[in-house]
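Here's the structure we're looking at; comments come further down.
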Amino acid sequence: MSTVAAAAHTAHAHHDDRSFIRKYIFSTDHKIIGIQFLFLSLFFLLVGGILAMQIRWQLGFPGKPMPGGTLLPETMAPGGVILPEYYIQLVTMHGTFMVFFAIMLLLVGVYANFLIPLKIGAHDMAFPRINMASFWSAVASGIVMLASMYVPDGAARAGWTMYVPLSAREDLSGAALGQQLWSVSIILFGLSSVLGSLNYITTVINNRAPGMTWFRMPLSIWALFITAILGLLAVPVLAGAAIMLLFEQVLGTHFFDPASGGQALLWQHLFWFFGHPEVYILILPAMGMVSDMIANGSRKPIFGYHSMVFAICGIAFLGWIVWGHHMFVSGMNPTLGSSFMVSTLLIAVPSAIKVFNWMGTMWRGNLRFHVPMLNAIGFVAMFTIGGLSGIFMAATPVDMFIHDTYFIVAHIHYVLFGGSLFAIFGAIAYWFPKMFGRMMSERWGKVHFWLTMVFYNCTFFPMHIIGMAGHMRRLYDPTIYDFLKPVQPMNEFISWSAFALFASQAIFFVNFWWSMFKGEKAPLNPWEDNGLEWTLPSPAPHGNWETPPTVYRGPYEFSAPGVSEDYLPQTKKLPTDREPALTPAGGH
Amino acid sequence: MNWWLPPQASTFAPSIDLGFLVILIITGITFVLVEVGLIVFVIRYRQRPGQKAHYTHGSTPAEVIWTAIPAVTMVILGIVSNGLWVKIKGRNSVPANAYTIGVHAKQFEWWITYPGPDGKLGRTSTSLIQKTTNPTGLDPDDPASKDDIVVRNQLHVPAGRPVVVYLSSEDVIHSFYVPQFRVRQDVVPGLEIKAWFEATVPGQYELGCSMLCGMGHYKMRAQVFVHTQADFDAWVAQRASQAKGEGTS
Amino acid sequence: MRRLGAVAVVGAGLVVLALATVRRPAGAAADGATVTGHVKLTGKAPANPAIDMGEEPKCKAKYTTTPTDPVVVVGKTGGLANVFVYVKTGLPADAKYPTPTTAVEIDQNGCLYHPRVFGVMVGQGLAIKNSDGVLHNIKALGKKNRPFNISQPTNMVTQRAGFTVSEVMLPFECNVHGWMHAFAGVLPDPFFATTGDDGTFTIKGLPAGTYTIEAWHEKYGVQTATVTVKAGETKPADFTFTAK
């Protein structure tokens with residue numbers, strides 16, 4: 001019996017009588033919520049990009065009037081010339097929007113929601129209404145953060161890391177309400193994140209279909225599951241710190257005020273205790289999805305599946321004990337510097353394992369270079385650079401020199417953009433058919449990939465060089481320093497590359513929106529993949545399956561011997577397969 | 001256009017730069033292996049009619065090798081780096097004969113205190129700070145402060161002698177950073193932090209603030225002068241007599 | 001009919017008179033009184049602290065001798081400059097004075113504020129000028145008014161909306177150049193003046209009445225004097241500060 005007919009039988013057949021509002025606005029359907037997160041996060045990706053363009057204008061052409069700058073109020077850019085206080089708002093809000101509202105929401109908000117029930121064979125999340133609350137609290141958080149840019153005196157401006165005392169004291173920063181709203185927004189964001197994590201963890205533990213054992217789960221789901229645990233434990237620390245900061249800003253508490261017995265470094269410990277697991281939240285789901293896309297593109301099982309699972313767990317575990325590497329020169333006891341160096345150097349190992357396993361997957365494969373595969377390979381190539389640059393920082397004596405320079409900025413962007421964002425571009429193209437029932441344009445996807453790859457490297461690779469020259473972060477005008485004047489031409493080159501990079505994203509945005517309405521209609525399983533979601537119609541119906549499917553094998557049985565096609569869906573029963581005894585969670 | 005690290009002007013610089021180079025070599029080899037490997041695979045294993053992928057779930061020996069080699073490399077790197085770290089930042093790292101200089105950071109200036117002929121820095125107190133006349137809060141009741149020389153945005157040090165800076169902040173977190181010395185240390189309000197270095201090459205350098213400290217962060221720059229010991233002594237003497245003549249401290 | 005017309009005219013006249021009385025703001029009356037005086041410093045004026053502008057060459061270049069922080073400025077005839085003299089009490093409680101439409105200009109020139117001491121009315125705009133072409137930040141340390149902290153990285157003029165409540169004195173400082181100080185007297189009325197080098201001040205247009213006049217100096221503190229004036233009269237009020 002063909003897979004298509006089987007899917008038609010098992011697809012949710014009963015009449016869906018929800019109202020438009022219930023179906024698309026206040027929806028409890030995990031797929032709709034995932035799509036809502038997609039629209040929300042792509043909007044914030046654009047916001048973050050616009051802020052970046054202004055930063056690059058000022059760095060490339062310090063003190064020159066910015067095109068379009070006269071549209072900004074006099075408090076930000078009189079005569080189009082960016083003011084120093086506006087510049088530090090730009091760097092703060094660029095980091096804030098990109099980390100929380102773009103990447104976190106794109107990786108977790110979109111794909112944890114969209115993929116988990118589909119790929120484990122569940123109808124929906126364990127708590128659909130909590131899921132809806134998770135989305136709308138993210139919206140509230142985003143609105144507050146956007147609003148903070150429009151209040152008198154302007155937005156928060158102490159860097160996305162918000163170090164105290166600068167962030168706590170308006171007499172030192174020049175901003176009161178803007179800083180307070182940042183704290184409020186982060187508290188709301190924390191709520192959204194924790195609500196999401198509760199769902200993802202519970203659903204993966206409890207709602208797997210019969211036969212979907214832990215080690216038959218795709219790596220994307222493993223990664224999203226482990227990420228959800230990280231979020232559940234780390235994000236409340238951030239929210240707690242943000243509450244303390246808000247109290248400091250508004251109620252006159254003295255947690256961080258040394259004149260009254262507080263400690264400035266307390267903020268850093270709290271923030272980075274969250275912040276380091278956070279950066280693994282920002283990469284693990286990408287790694288998981290890349291595994292799915294590379295196995296599919298290589299037509300081969302993932303190389304070292306168990307090692308990959310252990311590597312995810314290893315990264316997550318070690319991620320809790322490395323936070324001090326952000327604080328080597330902070331004034332923290334240098335002995336801690338030694339211990340954090342050891343743990344940080346060790347965390348390079350599981351990431352290296354993953355890179356070698358991806359290469360092993362491609363080795364002797366039958367490689368198909370569809371857009372998701374291109375982006376996934378791009379991820380591996382770029383993440384490798386980002387991960388390797390991290391080793392320089394892990395070695396404390398070298399970090400003394402490159403801390404707070406553009407070498408760090410290069411590292412951040414190689415892992416977040418070169419890594420996560422390329423994976424996201426691939427994932428969007430990959431699961432677009434299951435979301436919207438249409439294919440994105442393959443040709444324009446390739447054009448976008450190549451342009452992005454070139455301009456991205458032209459933008460961020462030179463940042464390693466200027467960082468080595470000692471170029472500090474968050475400088476409004478580097479030419480104040482004689483030792484930086486020689487590298488100013490590089491700043492200009494980076495800015496031009498960044499403008500071209502931003503412009504190239506128009507191709508992605510047009511492809512995305514146009515394809516949603518006019519793209520080629522998608523078949524059930526356009527990528528010839530094995531996952532459960534590909535047995536459902538495109539787009540997948542509300543409730544997914546009427547009865548949960550049965551799973552007979554892992555997700556990466558590509559090019560299996562004795563099978564005519566080069567893929568073998570998880571739910572396809574072969575004569576040699578036995579029925580699973582019980583559902584993995586012991587009942588449904 | 002500079003393509004490499006800044007010129008070396010302290011005793012730390014060669015060791016740190018060597019560490020950088022060693023890591024560059026290790027990561028460079030890995031980089032080449034991975035990127036060239038990817039390119040080779042992309043070309044060699046691209047799909048062709050009649051080609052089938054090689055069905056395998058992995059290789060335990062491969063996993064062991066590519067786990068062990070990175071792990072051992074990282075451990076060795078850590079041990080070697082730690083030696084240098086302890087030497088620079090360790091609890092007992094400041095040499096006994098280091099020349100003491102007070103560095104008081106505030107939005108957006110560096111106020112630098114030299115101990116004068118008595119070689120001792122006077123006591124300071126934040127409650128005594130007066131913007132124009134006493135920016136570092138020198139305590140006039142402490143005899144050691146009588147000959148202290150306070151200078152705005154100029155760090156003068158002798159070459160060939162360890163210098164320890166006593167870092168204090170009046171308001172937010174700043175960071176003391178001289179690229180050519182390879183020295184960086186955050187300056188935290190409420191904490192008394194020392195950082196030491198030994199300059200080697202006479203000349204003019206720059207001290208930059210390396211922690212976002214507000215809207216004037218980019219302008220928080222001081223000039224650094226590394227003198228021969230003789231020139232340094234002459235500078236101190238000249239400033240000391242200047243201070244006496246003006247009747248200001 | 002004629003009776004009605006007469007009543008109408010008288011009524012209209014009364015209305016106009018009432019309106020005119022209500023609408024005419026109590027302002028600097030044309031027949032207002034004047035308080036004028038002289039502020040002196042007795043004793044030897046202390047030397048003003050020297051400012052090392054070595055690390056701000058663009059500002060240092062504007063001076064031929066070592067610049068000093070002009071805390072105590074005494075003119076040739078012993079007059080004390082930069083004394084802010086204003087009416088502290090005595091004005092009618094419900095009096096409202098028109099806010100000037102012209103802004104008060106503060107200039108940063110040679111890394112010093114000019115003027116150092118000035119008065120500004122509540123709601124009157126500030127035009128902050130940077131004539132130095134180097135970064136200054138302007139921090140207004142209001143306690144009753146909302147403080148602000150803005151920067152000017154180059155030659156420019158920033159218009160700021162006025163302060164909202166009376167505050168004597170409201171300090172200004174620059175954090176890039178810690179020696180820079182200015183002081184603003186924010187008042188709801190126009191009855192204030194700042195002494196120049198000759199130490200003299202004149203406050204015009206006061207309605208008849210008894211007033212407490214206060215003289216404020218940043219180093220020597222405040223002194224008060226009581227003055228009673230009749231309409232059109234000019235009365236003196238002198239102040240003497242002693243150098244310590």
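Chain labels follow the order of the structure tokens: the first chain is A, the next B, and so on; residue numbering restarts at 1 in every chain, and ligands are counted from 1 in their shown order.
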Using only C-alpha atoms, what does the table of range 44-93 of chain C residues within 10 Å of range 217-231 of chain C look like, with each row giving the shortest atom pair and its distance in Å to one decimal, sorted by chain and ascending number, as JSON lines?
{"residue": "C:Val71", "atom": "CA", "partner": "C:Lys219", "partner_atom": "CA", "distance": 7.1}
{"residue": "C:Val72", "atom": "CA", "partner": "C:Lys219", "partner_atom": "CA", "distance": 7.5}
{"residue": "C:Leu80", "atom": "CA", "partner": "C:His217", "partner_atom": "CA", "distance": 8.9}
{"residue": "C:Ala81", "atom": "CA", "partner": "C:His217", "partner_atom": "CA", "distance": 8.8}
{"residue": "C:Asn82", "atom": "CA", "partner": "C:His217", "partner_atom": "CA", "distance": 6.9}
{"residue": "C:Val83", "atom": "CA", "partner": "C:His217", "partner_atom": "CA", "distance": 4.9}
{"residue": "C:Phe84", "atom": "CA", "partner": "C:His217", "partner_atom": "CA", "distance": 6.6}
{"residue": "C:Val85", "atom": "CA", "partner": "C:His217", "partner_atom": "CA", "distance": 9.0}
{"residue": "C:Tyr86", "atom": "CA", "partner": "C:Thr224", "partner_atom": "CA", "distance": 9.7}
{"residue": "C:Val87", "atom": "CA", "partner": "C:Thr224", "partner_atom": "CA", "distance": 9.6}
{"residue": "C:Lys88", "atom": "CA", "partner": "C:Thr224", "partner_atom": "CA", "distance": 8.7}
{"residue": "C:Thr89", "atom": "CA", "partner": "C:Thr226", "partner_atom": "CA", "distance": 9.4}
{"residue": "C:Gly90", "atom": "CA", "partner": "C:Thr228", "partner_atom": "CA", "distance": 9.5}
What are the residues of chain A that have an atom within 8 Å of an atom of chain C, counting only C-alpha atoms, as an MDAnalysis selection string? chainID A and resid 83:85 153 171 173:174
Go ahead and write the selection's residues with C-alpha atoms as a short mmCIF file (atom, residue, chain, number, x, y, z; two decimals), in the first residue's frame.
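Writing done, so here's out06.cif:
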data_model
loop_
_atom_site.label_atom_id
_atom_site.label_comp_id
_atom_site.auth_asym_id
_atom_site.auth_seq_id
_atom_site.Cartn_x
_atom_site.Cartn_y
_atom_site.Cartn_z
CA LEU A 83 24.54 60.57 18.54
CA PRO A 84 26.70 58.55 20.94
CA GLU A 85 23.77 57.78 23.21
CA ASP A 153 15.21 59.72 26.75
CA ASP A 171 21.84 59.24 36.49
CA SER A 173 23.07 56.10 31.72
CA GLY A 174 20.74 58.95 30.82
#
Residues near His326 in chain A, cut-off 10 Å, only C-alpha atoms, skip fewer than 2 positions along chain, as a PyMOL selection string: chain A and resi 268-269+272-273+275-276+322-324+328-330+337+340+393-394+399+403-404
When DSSP is applied to the backbone of this structure, which of range 28-197 of chain A are assigned alpha helix (DSSP H)? Write them out as a PyMOL selection string. chain A and resi 30-60+84-96+111-120+128-147+170-173+177-197
Sort by chain and increasing residue number a table of all residues of chain A within 6 Å of chain B, each with its closest pair of atoms and their distance in Å to one decimal, counting only C-alpha atoms, and write it as JSON lines.
{"residue": "A:Pro84", "atom": "CA", "partner": "B:Met215", "partner_atom": "CA", "distance": 5.3}
{"residue": "A:Glu85", "atom": "CA", "partner": "B:Met215", "partner_atom": "CA", "distance": 4.9}
{"residue": "A:Pro165", "atom": "CA", "partner": "B:Val172", "partner_atom": "CA", "distance": 5.2}
{"residue": "A:Leu166", "atom": "CA", "partner": "B:Val172", "partner_atom": "CA", "distance": 5.5}
{"residue": "A:Ser173", "atom": "CA", "partner": "B:Gly214", "partner_atom": "CA", "distance": 5.7}
{"residue": "A:Pro258", "atom": "CA", "partner": "B:Gly190", "partner_atom": "CA", "distance": 4.9}
{"residue": "A:Pro301", "atom": "CA", "partner": "B:His57", "partner_atom": "CA", "distance": 5.8}
{"residue": "A:Phe303", "atom": "CA", "partner": "B:Gly58", "partner_atom": "CA", "distance": 4.5}
{"residue": "A:Gly304", "atom": "CA", "partner": "B:Gly58", "partner_atom": "CA", "distance": 4.5}
{"residue": "A:Val329", "atom": "CA", "partner": "B:Gln185", "partner_atom": "CA", "distance": 5.3}
{"residue": "A:Ser330", "atom": "CA", "partner": "B:Asp186", "partner_atom": "CA", "distance": 5.1}
{"residue": "A:Val342", "atom": "CA", "partner": "B:Gly78", "partner_atom": "CA", "distance": 5.9}
{"residue": "A:Leu345", "atom": "CA", "partner": "B:Met74", "partner_atom": "CA", "distance": 5.6}
{"residue": "A:Val349", "atom": "CA", "partner": "B:Pro70", "partner_atom": "CA", "distance": 5.9}
{"residue": "A:Arg364", "atom": "CA", "partner": "B:His54", "partner_atom": "CA", "distance": 5.6}
{"residue": "A:Gly365", "atom": "CA", "partner": "B:Ala53", "partner_atom": "CA", "distance": 4.2}
{"residue": "A:Asn366", "atom": "CA", "partner": "B:Gln47", "partner_atom": "CA", "distance": 4.4}
{"residue": "A:Leu367", "atom": "CA", "partner": "B:Arg46", "partner_atom": "CA", "distance": 4.4}
{"residue": "A:Arg368", "atom": "CA", "partner": "B:Gln47", "partner_atom": "CA", "distance": 5.9}
{"residue": "A:Leu388", "atom": "CA", "partner": "B:Thr27", "partner_atom": "CA", "distance": 5.8}
{"residue": "A:Pro397", "atom": "CA", "partner": "B:Trp85", "partner_atom": "CA", "distance": 5.3}
{"residue": "A:Val398", "atom": "CA", "partner": "B:Ile16", "partner_atom": "CA", "distance": 5.7}
{"residue": "A:Met400", "atom": "CA", "partner": "B:Arg184", "partner_atom": "CA", "distance": 5.7}
{"residue": "A:Phe401", "atom": "CA", "partner": "B:Arg182", "partner_atom": "CA", "distance": 5.4}
{"residue": "A:Met468", "atom": "CA", "partner": "B:Leu5", "partner_atom": "CA", "distance": 5.2}
{"residue": "A:Ala469", "atom": "CA", "partner": "B:Leu5", "partner_atom": "CA", "distance": 5.1}
{"residue": "A:Gly470", "atom": "CA", "partner": "B:Pro179", "partner_atom": "CA", "distance": 5.9}
{"residue": "A:Leu475", "atom": "CA", "partner": "B:Tyr218", "partner_atom": "CA", "distance": 5.0}
{"residue": "A:Tyr476", "atom": "CA", "partner": "B:Tyr218", "partner_atom": "CA", "distance": 5.8}
{"residue": "A:Pro486", "atom": "CA", "partner": "B:Met1", "partner_atom": "CA", "distance": 4.7}
{"residue": "A:Val487", "atom": "CA", "partner": "B:Met1", "partner_atom": "CA", "distance": 5.1}
{"residue": "A:Ser559", "atom": "CA", "partner": "B:Tyr55", "partner_atom": "CA", "distance": 6.0}
Would you write out those residues with N, CA and C atoms, as a short mmCIF file (atom, residue, chain, number, x, y, z; two decimals), in the first residue's frame?
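After the write, selection_38.cif holds the following:
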data_model
loop_
_atom_site.label_atom_id
_atom_site.label_comp_id
_atom_site.auth_asym_id
_atom_site.auth_seq_id
_atom_site.Cartn_x
_atom_site.Cartn_y
_atom_site.Cartn_z
N PRO A 84 26.13 59.65 20.15
CA PRO A 84 26.70 58.55 20.94
C PRO A 84 25.67 57.79 21.76
N GLU A 85 24.73 58.51 22.38
CA GLU A 85 23.77 57.78 23.21
C GLU A 85 22.83 56.94 22.35
N PRO A 165 26.67 48.80 37.28
CA PRO A 165 25.65 49.79 37.64
C PRO A 165 25.10 50.62 36.49
N LEU A 166 25.68 50.55 35.32
CA LEU A 166 25.24 51.44 34.24
C LEU A 166 23.76 51.25 33.94
N SER A 173 23.29 56.52 33.10
CA SER A 173 23.07 56.10 31.72
C SER A 173 22.35 57.15 30.90
N PRO A 258 27.40 48.81 45.39
CA PRO A 258 28.45 48.57 46.37
C PRO A 258 28.43 49.57 47.53
N PRO A 301 22.26 7.34 6.63
CA PRO A 301 21.95 7.55 8.05
C PRO A 301 22.91 8.56 8.65
N PHE A 303 25.74 9.77 10.78
CA PHE A 303 26.92 9.05 11.24
C PHE A 303 27.01 9.21 12.75
N GLY A 304 27.01 8.11 13.49
CA GLY A 304 27.20 8.20 14.93
C GLY A 304 26.01 8.80 15.67
N VAL A 329 38.21 38.62 33.04
CA VAL A 329 38.87 39.85 33.50
C VAL A 329 37.91 40.75 34.26
N SER A 330 36.82 40.18 34.76
CA SER A 330 35.79 41.00 35.37
C SER A 330 36.14 41.48 36.77
N VAL A 342 39.20 25.39 32.10
CA VAL A 342 39.21 23.95 31.85
C VAL A 342 37.87 23.50 31.28
N LEU A 345 37.36 24.79 27.69
CA LEU A 345 38.12 24.08 26.66
C LEU A 345 37.48 22.72 26.39
N VAL A 349 34.94 19.94 22.79
CA VAL A 349 35.03 18.55 22.32
C VAL A 349 33.71 18.02 21.76
N ARG A 364 30.90 9.45 1.47
CA ARG A 364 30.35 8.33 0.71
C ARG A 364 28.82 8.37 0.65
N GLY A 365 28.29 9.59 0.65
CA GLY A 365 26.85 9.71 0.46
C GLY A 365 26.52 9.89 -1.00
N ASN A 366 25.27 10.19 -1.28
CA ASN A 366 24.83 10.45 -2.65
C ASN A 366 24.16 11.83 -2.59
N LEU A 367 25.02 12.88 -2.55
CA LEU A 367 24.58 14.19 -2.07
C LEU A 367 23.64 14.93 -3.00
N ARG A 368 22.51 15.34 -2.42
CA ARG A 368 21.56 16.19 -3.15
C ARG A 368 21.69 17.59 -2.60
N LEU A 388 35.89 27.25 16.48
CA LEU A 388 37.35 27.31 16.62
C LEU A 388 37.78 28.66 17.21
N PRO A 397 44.83 33.57 29.16
CA PRO A 397 45.78 34.66 28.86
C PRO A 397 45.49 35.33 27.52
N VAL A 398 45.09 34.52 26.54
CA VAL A 398 44.77 35.11 25.24
C VAL A 398 43.48 35.92 25.35
N MET A 400 42.48 37.62 27.78
CA MET A 400 42.80 38.93 28.34
C MET A 400 42.95 39.96 27.23
N PHE A 401 43.52 39.52 26.14
CA PHE A 401 43.74 40.46 25.05
C PHE A 401 42.52 40.63 24.15
N MET A 468 41.91 41.44 16.50
CA MET A 468 43.31 41.16 16.81
C MET A 468 44.10 42.45 16.92
N ALA A 469 43.70 43.47 16.17
CA ALA A 469 44.40 44.75 16.25
C ALA A 469 44.03 45.49 17.52
N GLY A 470 43.07 44.97 18.26
CA GLY A 470 42.71 45.57 19.54
C GLY A 470 41.44 46.41 19.51
N LEU A 475 32.20 50.91 20.41
CA LEU A 475 32.83 52.22 20.27
C LEU A 475 32.09 53.05 19.25
N TYR A 476 31.64 54.22 19.66
CA TYR A 476 30.93 55.11 18.75
C TYR A 476 31.84 55.59 17.63
N PRO A 486 44.58 52.90 11.57
CA PRO A 486 44.96 52.07 10.41
C PRO A 486 43.92 51.03 10.01
N VAL A 487 43.07 50.58 10.93
CA VAL A 487 42.09 49.56 10.55
C VAL A 487 40.74 50.15 10.16
N SER A 559 19.01 4.86 2.04
CA SER A 559 19.84 3.91 1.27
C SER A 559 20.02 2.60 2.01
#
Tell me the residues of chain C close to chain B, meaning within 12 Å using only C-alpha atoms, as number ranges by chain. C: 46-56, 66, 68-71, 134-139, 149-153, 173-181
Residues of range 2-249 of chain B in strand (DSSP E or B) according to DSSP, as a PyMOL selection string? chain B and resi 10+46+99-106+109-114+124+130+134+138+149-152+154-158+162-169+174-178+183-187+193-199+203-209+221-227
Enter the distance from CA of Lys573 in chain A to CA of Ile302 in chain A, in Å, rounded to one decimal.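 Between these atoms lies a distance of 21.1 Å.
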Which residues are near Phe383 in chain A? Cut-off 7 Å, only C-alpha atoms, ignore same chain within fewer than 5 positions. Put them as a PDB file with N, CA and C atoms, in the first residue's frame.
ATOM      1  N   TYR A 414      29.682  34.390  14.001  1.00  0.00           N
ATOM      2  CA  TYR A 414      29.907  33.144  13.268  1.00  0.00           C
ATOM      3  C   TYR A 414      29.041  32.019  13.810  1.00  0.00           C
ATOM      4  N   VAL A 415      28.837  31.975  15.123  1.00  0.00           N
ATOM      5  CA  VAL A 415      27.993  30.892  15.617  1.00  0.00           C
ATOM      6  C   VAL A 415      26.501  31.212  15.471  1.00  0.00           C
ATOM      7  N   GLY A 418      26.351  32.625  11.076  1.00  0.00           N
ATOM      8  CA  GLY A 418      26.939  31.544  10.281  1.00  0.00           C
ATOM      9  C   GLY A 418      26.407  30.188  10.697  1.00  0.00           C
ATOM     10  N   GLY A 419      26.139  30.062  11.978  1.00  0.00           N
ATOM     11  CA  GLY A 419      25.563  28.822  12.476  1.00  0.00           C
ATOM     12  C   GLY A 419      24.050  28.868  12.422  1.00  0.00           C
TER      13      GLY A 419
END
Minimum-distance residue to Glu198 in chain B, chosen among B:Leu128, B:Leu33, B:Ala98, B:Ala234 (using only C-alpha atoms):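 Among B:Leu128, B:Leu33, B:Ala98, B:Ala234, it is B:Ala98 that comes nearest to Glu198 in chain B.
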Write out as a PDB file with C-alpha atoms, in the first residue's frame the residues lying within 6 Å of range 106-109 of chain C, counting only C-alpha atoms and excluding same-chain residues fewer than 4 positions away.
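And here's part_6.pdb as it stands now:
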ATOM      1  CA  TYR C 113      30.373  76.684  30.113  1.00  0.00           C
ATOM      2  CA  HIS C 114      29.456  80.212  29.085  1.00  0.00           C
ATOM      3  CA  ILE C 128      22.943  74.189  24.198  1.00  0.00           C
ATOM      4  CA  LYS C 129      25.848  74.918  21.907  1.00  0.00           C
ATOM      5  CA  ASN C 130      29.063  72.999  21.427  1.00  0.00           C
ATOM      6  CA  SER C 131      31.646  75.395  20.037  1.00  0.00           C
ATOM      7  CA  ASP C 132      34.554  73.078  20.753  1.00  0.00           C
TER       8      ASP C 132
END
Write out as a ChimeraX atom specification each polymer residue whose atoms come within 7 Å of Val150 in chain B, counting only C-alpha atoms; drop sequence neighbours fewer than 6 positions from it. /B:111-114
Preceding selection exported with N, CA and C atoms as a short mmCIF file (atom, residue, chain, number, x, y, z; two decimals), in the first residue's frame:
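Saved as selection_19.cif:
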data_model
loop_
_atom_site.label_atom_id
_atom_site.label_comp_id
_atom_site.auth_asym_id
_atom_site.auth_seq_id
_atom_site.Cartn_x
_atom_site.Cartn_y
_atom_site.Cartn_z
N TRP B 111 41.83 59.25 35.99
CA TRP B 111 42.61 60.08 36.89
C TRP B 111 43.70 59.22 37.50
N ILE B 112 44.93 59.60 37.22
CA ILE B 112 46.05 58.73 37.53
C ILE B 112 46.93 59.38 38.59
N THR B 113 47.23 58.63 39.62
CA THR B 113 47.99 59.16 40.76
C THR B 113 49.35 58.49 40.84
N TYR B 114 50.35 59.31 40.91
CA TYR B 114 51.72 58.81 41.07
C TYR B 114 52.16 59.05 42.50
#
Separation of CA of Val235 in chain A and CA of Glu533 in chain A, in Å? 29.7 Å
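Every protein, DNA or RNA residue with an atom at most 6 Å from Val117 in chain C, where only C-alpha atoms count and chain neighbours fewer than 3 positions away do not, is listed here: Asn82, Ala182, Phe183 and Ala184 of chain C.
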Give me, please, the distance in Å between CA of Thr396 in chain A and CA of Ile465 in chain A, quoted to one decimal. 19.3 Å
Could you make a table, as JSON lines, of the residues of range 375-452 of chain A that have an atom within 9 Å of an atom of range 502-512 of chain A, each with its nearest atom pair and distance in Å to one decimal, counting only C-alpha atoms, in chain and number order?
{"residue": "A:Phe425", "atom": "CA", "partner": "A:Phe508", "partner_atom": "CA", "distance": 8.5}
{"residue": "A:Ile428", "atom": "CA", "partner": "A:Phe512", "partner_atom": "CA", "distance": 8.7}
{"residue": "A:Ala429", "atom": "CA", "partner": "A:Phe512", "partner_atom": "CA", "distance": 8.5}
{"residue": "A:Phe432", "atom": "CA", "partner": "A:Phe512", "partner_atom": "CA", "distance": 8.8}
{"residue": "A:Met440", "atom": "CA", "partner": "A:Asn511", "partner_atom": "CA", "distance": 6.4}
{"residue": "A:Ser441", "atom": "CA", "partner": "A:Asn511", "partner_atom": "CA", "distance": 6.4}
{"residue": "A:Trp444", "atom": "CA", "partner": "A:Asn511", "partner_atom": "CA", "distance": 6.8}
{"residue": "A:Gly445", "atom": "CA", "partner": "A:Phe508", "partner_atom": "CA", "distance": 6.9}
{"residue": "A:Val447", "atom": "CA", "partner": "A:Ile507", "partner_atom": "CA", "distance": 8.0}
{"residue": "A:His448", "atom": "CA", "partner": "A:Ile507", "partner_atom": "CA", "distance": 6.0}
{"residue": "A:Phe449", "atom": "CA", "partner": "A:Phe508", "partner_atom": "CA", "distance": 8.8}
{"residue": "A:Leu451", "atom": "CA", "partner": "A:Ser504", "partner_atom": "CA", "distance": 6.4}
{"residue": "A:Thr452", "atom": "CA", "partner": "A:Ser504", "partner_atom": "CA", "distance": 6.4}
Option closest in space to Pro162 in chain B, from B:Phe232, B:Phe176, B:Phe225, B:Tyr99 [counting only C-alpha atoms]: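 The closest residue to Pro162 in chain B is B:Tyr99.
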